[in-house]
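Have a look at the structure below, then the notes.
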Amino acid sequence: AGTPQTGWGSAPDLGAPATLVLLRHGETALTPEKRFSGSGGTDPELSAVGRGQAERAAEHFAALGTVQEIASSPLRRCRETAAAVAARLGLDVRIDEGLRETDFGAWEGLTFGEVRERYGDDLTAWLASPDTAPTGGGESFAEVAERVAAARDRLVARYAGRTVLLVTHVTPIKTLVRLALGAPPEALFRMELSAASVSTVAYYGDGNASVRLLNDTSHLR
């Protein structure tokens with residue numbers, strides 16, 4: 001018998017992957033207004049809509065029965081979303097600083113239009129380069145990617161063979177998906193990520209990643 005074929009349908013058995021289920025937090029008052037809301041702002045709580053989304057996510061994961069661990073960004077909107085799921089699943093929540101949102105500096109709380117009006121040149125530079133930080137000492141997407149990749153490596157090592165729910169934000173989730181795909185930084189601007197949406201990436205022992213789900217909101221309907 002020849003060597004077994006590996007290809008699209010028959011990857012070598014690398015053991016069970018570490019599966020990161022990426023839940024974006026539920027809505028806050030800033031979410032529907034599409035305001036920059038990072039880790040440098042007011043740390044808003046979930047709105048009534050957001051609390052309802054968190055409960056529906058909790059029901060969804062309880063019905064699935066696959067989540068074995070929960071980790072959350074330290075920001076309040078994520079901790080509240082994670083708490084709703086944890087209560088339903090009977091799990092503890094581990095806080096991971098690496099999962100916090102980008103610090104948007106002087107843009108926190110502003111809409112895209114307001115930023116364009118007040119800081120037009122800075123916004124143009126930021127959109128053109130992942131190495132450019134928002135006005136006033138925020139974080140560049142390159143800095144966020146470094147932080148998120150370090151968190152990913154820690155989590156994948158800790159949860160090898162397990163399924164862990166990460167309750168986090170738009171930029172960390174998009175960054176994990178982008179890195180898994182080997183896509184360029186501008187891919188961040190080409191993904192839709194709704195409040196309380198679910199995305200999933202599996203990480204195998206050989207270092208390869210597989211994006212399994214992106215922006216699923218079926219549990220909210």
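In the structure tokens, chains take the letters A, B, ... in the order shown, each chain's residues start at 1, and ligands count up from 1 in the order shown.
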
What are the nearest atom pairs, with distances in Å to one decimal, for all residues of stretch 83-126 of chain A that come at most 12 Å from stretch 16-31 of chain A, using only C-alpha atoms, set out by chain and rising residue number as a Markdown table?
| residue | atom | partner | partner_atom | distance |
| --- | --- | --- | --- | --- |
| A:Ala83 | CA | A:His25 | CA | 10.9 |
| A:Ala84 | CA | A:Gly26 | CA | 10.7 |
| A:Val85 | CA | A:Leu23 | CA | 10.4 |
| A:Leu99 | CA | A:Leu22 | CA | 10.5 |
| A:Arg100 | CA | A:His25 | CA | 11.2 |
| A:Glu101 | CA | A:Arg24 | CA | 10.7 |
| A:Glu108 | CA | A:Leu30 | CA | 10.2 |
| A:Gly109 | CA | A:Leu30 | CA | 7.4 |
| A:Leu110 | CA | A:Leu30 | CA | 9.3 |
| A:Thr111 | CA | A:Leu30 | CA | 9.3 |

(Q) Env of A:Thr175: 9 Å cut, atoms = only C-alpha atoms, seq-sep filter 2 positions within chain, self excluded. Answer as JSON, numbers by chain. (A) {"A": [141, 144, 145, 148, 149, 170, 171, 172, 173, 177, 178, 179, 180, 185, 187, 188]}

Q: Write out as a ChimeraX atom specification the residues lying within 12 Å of A:Ser197, counting only C-alpha atoms and excluding same-chain residues fewer than 3 positions away.
A: /A:21-27,50,53-54,56-57,60,81,166-170,173-174,192-194,200,213-221

Q: For A:Ala142, please output as a PyMOL selection string all residues within 8 Å (counting only C-alpha atoms; exclusion window: fewer than 3 positions along the same chain).
A: chain A and resi 130-131+145-146

Q: Go ahead and compute the interatomic distance for atom CA of A:Arg94 and atom CA of A:Ala71, in Å to one decimal.
A: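 Pair atom CA of A:Arg94 / atom CA of A:Ala71 returns 4.5 Å.
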
Q. Quick one: residues within 6 Å of A:Arg77, only C-alpha atoms counted, chain neighbours fewer than 2 positions away excluded, as an MDAnalysis selection string?
A. chainID A and resid 45:46 75 79:80

Q.
Give me the residues near stretch 87-92 of chain A as a VMD selection string, where near means some atom within 7 Å (using only C-alpha atoms) and where sequence neighbours in that chain fewer than 5 positions away do not count.
A. chain A and resid 58 62 69 to 70

Q: Would you work out the distance separating atom CA of A:Arg158 from atom CA of A:Asp206, expressed in Å to one decimal?
A: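 If I compute the distance from atom CA of A:Arg158 to atom CA of A:Asp206, I get 15.5 Å.
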
Q: Mind the document's chain letters and residue numbers, and return as JSON, numbers by chain the residues of stretch 100-204 of chain A that DSSP labels alpha helix (DSSP H).
A: {"A": [112, 113, 114, 115, 116, 117, 118, 120, 121, 122, 123, 124, 125, 126, 127, 128, 141, 142, 143, 144, 145, 146, 147, 148, 149, 150, 151, 152, 153, 154, 155, 156, 157, 158, 170, 171, 172, 173, 174, 175, 176, 177, 178, 179, 180, 181]}

Writing out the chosen residues with C-alpha atoms as an mmCIF file, in the first residue's frame:
data_model
loop_
_atom_site.group_PDB
_atom_site.id
_atom_site.type_symbol
_atom_site.label_atom_id
_atom_site.label_comp_id
_atom_site.auth_asym_id
_atom_site.auth_seq_id
_atom_site.Cartn_x
_atom_site.Cartn_y
_atom_site.Cartn_z
ATOM 1 C CA PHE A 112 -16.785 57.776 11.889
ATOM 2 C CA GLY A 113 -18.221 60.993 10.423
ATOM 3 C CA GLU A 114 -17.222 63.010 13.476
ATOM 4 C CA VAL A 115 -13.696 61.607 13.328
ATOM 5 C CA ARG A 116 -13.484 62.444 9.618
ATOM 6 C CA GLU A 117 -14.598 66.007 10.394
ATOM 7 C CA ARG A 118 -12.229 66.601 13.317
ATOM 8 C CA GLY A 120 -9.481 63.867 8.760
ATOM 9 C CA ASP A 121 -5.771 63.491 8.008
ATOM 10 C CA ASP A 122 -5.233 61.115 10.908
ATOM 11 C CA LEU A 123 -8.215 59.003 9.822
ATOM 12 C CA THR A 124 -6.935 58.789 6.242
ATOM 13 C CA ALA A 125 -3.513 57.674 7.495
ATOM 14 C CA TRP A 126 -5.100 55.116 9.837
ATOM 15 C CA LEU A 127 -7.223 53.615 7.053
ATOM 16 C CA ALA A 128 -4.124 53.364 4.846
ATOM 17 C CA PHE A 141 -3.949 47.621 14.338
ATOM 18 C CA ALA A 142 -0.379 46.240 14.166
ATOM 19 C CA GLU A 143 -0.049 46.631 17.949
ATOM 20 C CA VAL A 144 -3.449 45.014 18.484
ATOM 21 C CA ALA A 145 -2.472 42.103 16.202
ATOM 22 C CA GLU A 146 0.677 41.493 18.263
ATOM 23 C CA ARG A 147 -1.306 41.501 21.513
ATOM 24 C CA VAL A 148 -4.077 39.282 20.105
ATOM 25 C CA ALA A 149 -1.612 36.801 18.576
ATOM 26 C CA ALA A 150 0.118 36.455 21.960
ATOM 27 C CA ALA A 151 -3.274 35.828 23.638
ATOM 28 C CA ARG A 152 -4.135 33.276 20.915
ATOM 29 C CA ASP A 153 -0.875 31.390 21.482
ATOM 30 C CA ARG A 154 -1.464 31.295 25.248
ATOM 31 C CA LEU A 155 -5.051 30.136 24.855
ATOM 32 C CA VAL A 156 -4.330 27.521 22.192
ATOM 33 C CA ALA A 157 -1.582 26.017 24.374
ATOM 34 C CA ARG A 158 -3.818 26.057 27.467
ATOM 35 C CA VAL A 170 -14.784 43.408 16.826
ATOM 36 C CA THR A 171 -11.060 44.024 16.333
ATOM 37 C CA PRO A 172 -9.733 40.981 18.255
ATOM 38 C CA ILE A 173 -12.226 38.662 16.506
ATOM 39 C CA LYS A 174 -11.496 40.060 13.043
ATOM 40 C CA THR A 175 -7.764 39.875 13.808
ATOM 41 C CA LEU A 176 -7.953 36.196 14.814
ATOM 42 C CA VAL A 177 -9.889 35.398 11.624
ATOM 43 C CA ARG A 178 -7.489 37.457 9.484
ATOM 44 C CA LEU A 179 -4.417 35.746 10.963
ATOM 45 C CA ALA A 180 -6.005 32.304 10.572
ATOM 46 C CA LEU A 181 -6.638 33.012 6.876
#

Q.
Using only C-alpha atoms for the distances, tell me which of A:Ala63, A:Phe104, A:Glu186, A:Asn208 is nearest to A:Arg35.
A.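 Ranking A:Ala63, A:Phe104, A:Glu186, A:Asn208 by distance to A:Arg35, first place goes to A:Phe104.
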
Q: Rank A:Glu97, A:Ala202, A:Ser210, A:Ser39 by their smallest atom-to-atom distance to A:Ala160, using only C-alpha atoms, and report the top residue only.
A: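 The answer is A:Ala202, which sits nearest to A:Ala160.
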
Q) By how many Å are atom CA of A:Gly38 and atom CA of A:Ser73 apart? A) 11.3 Å
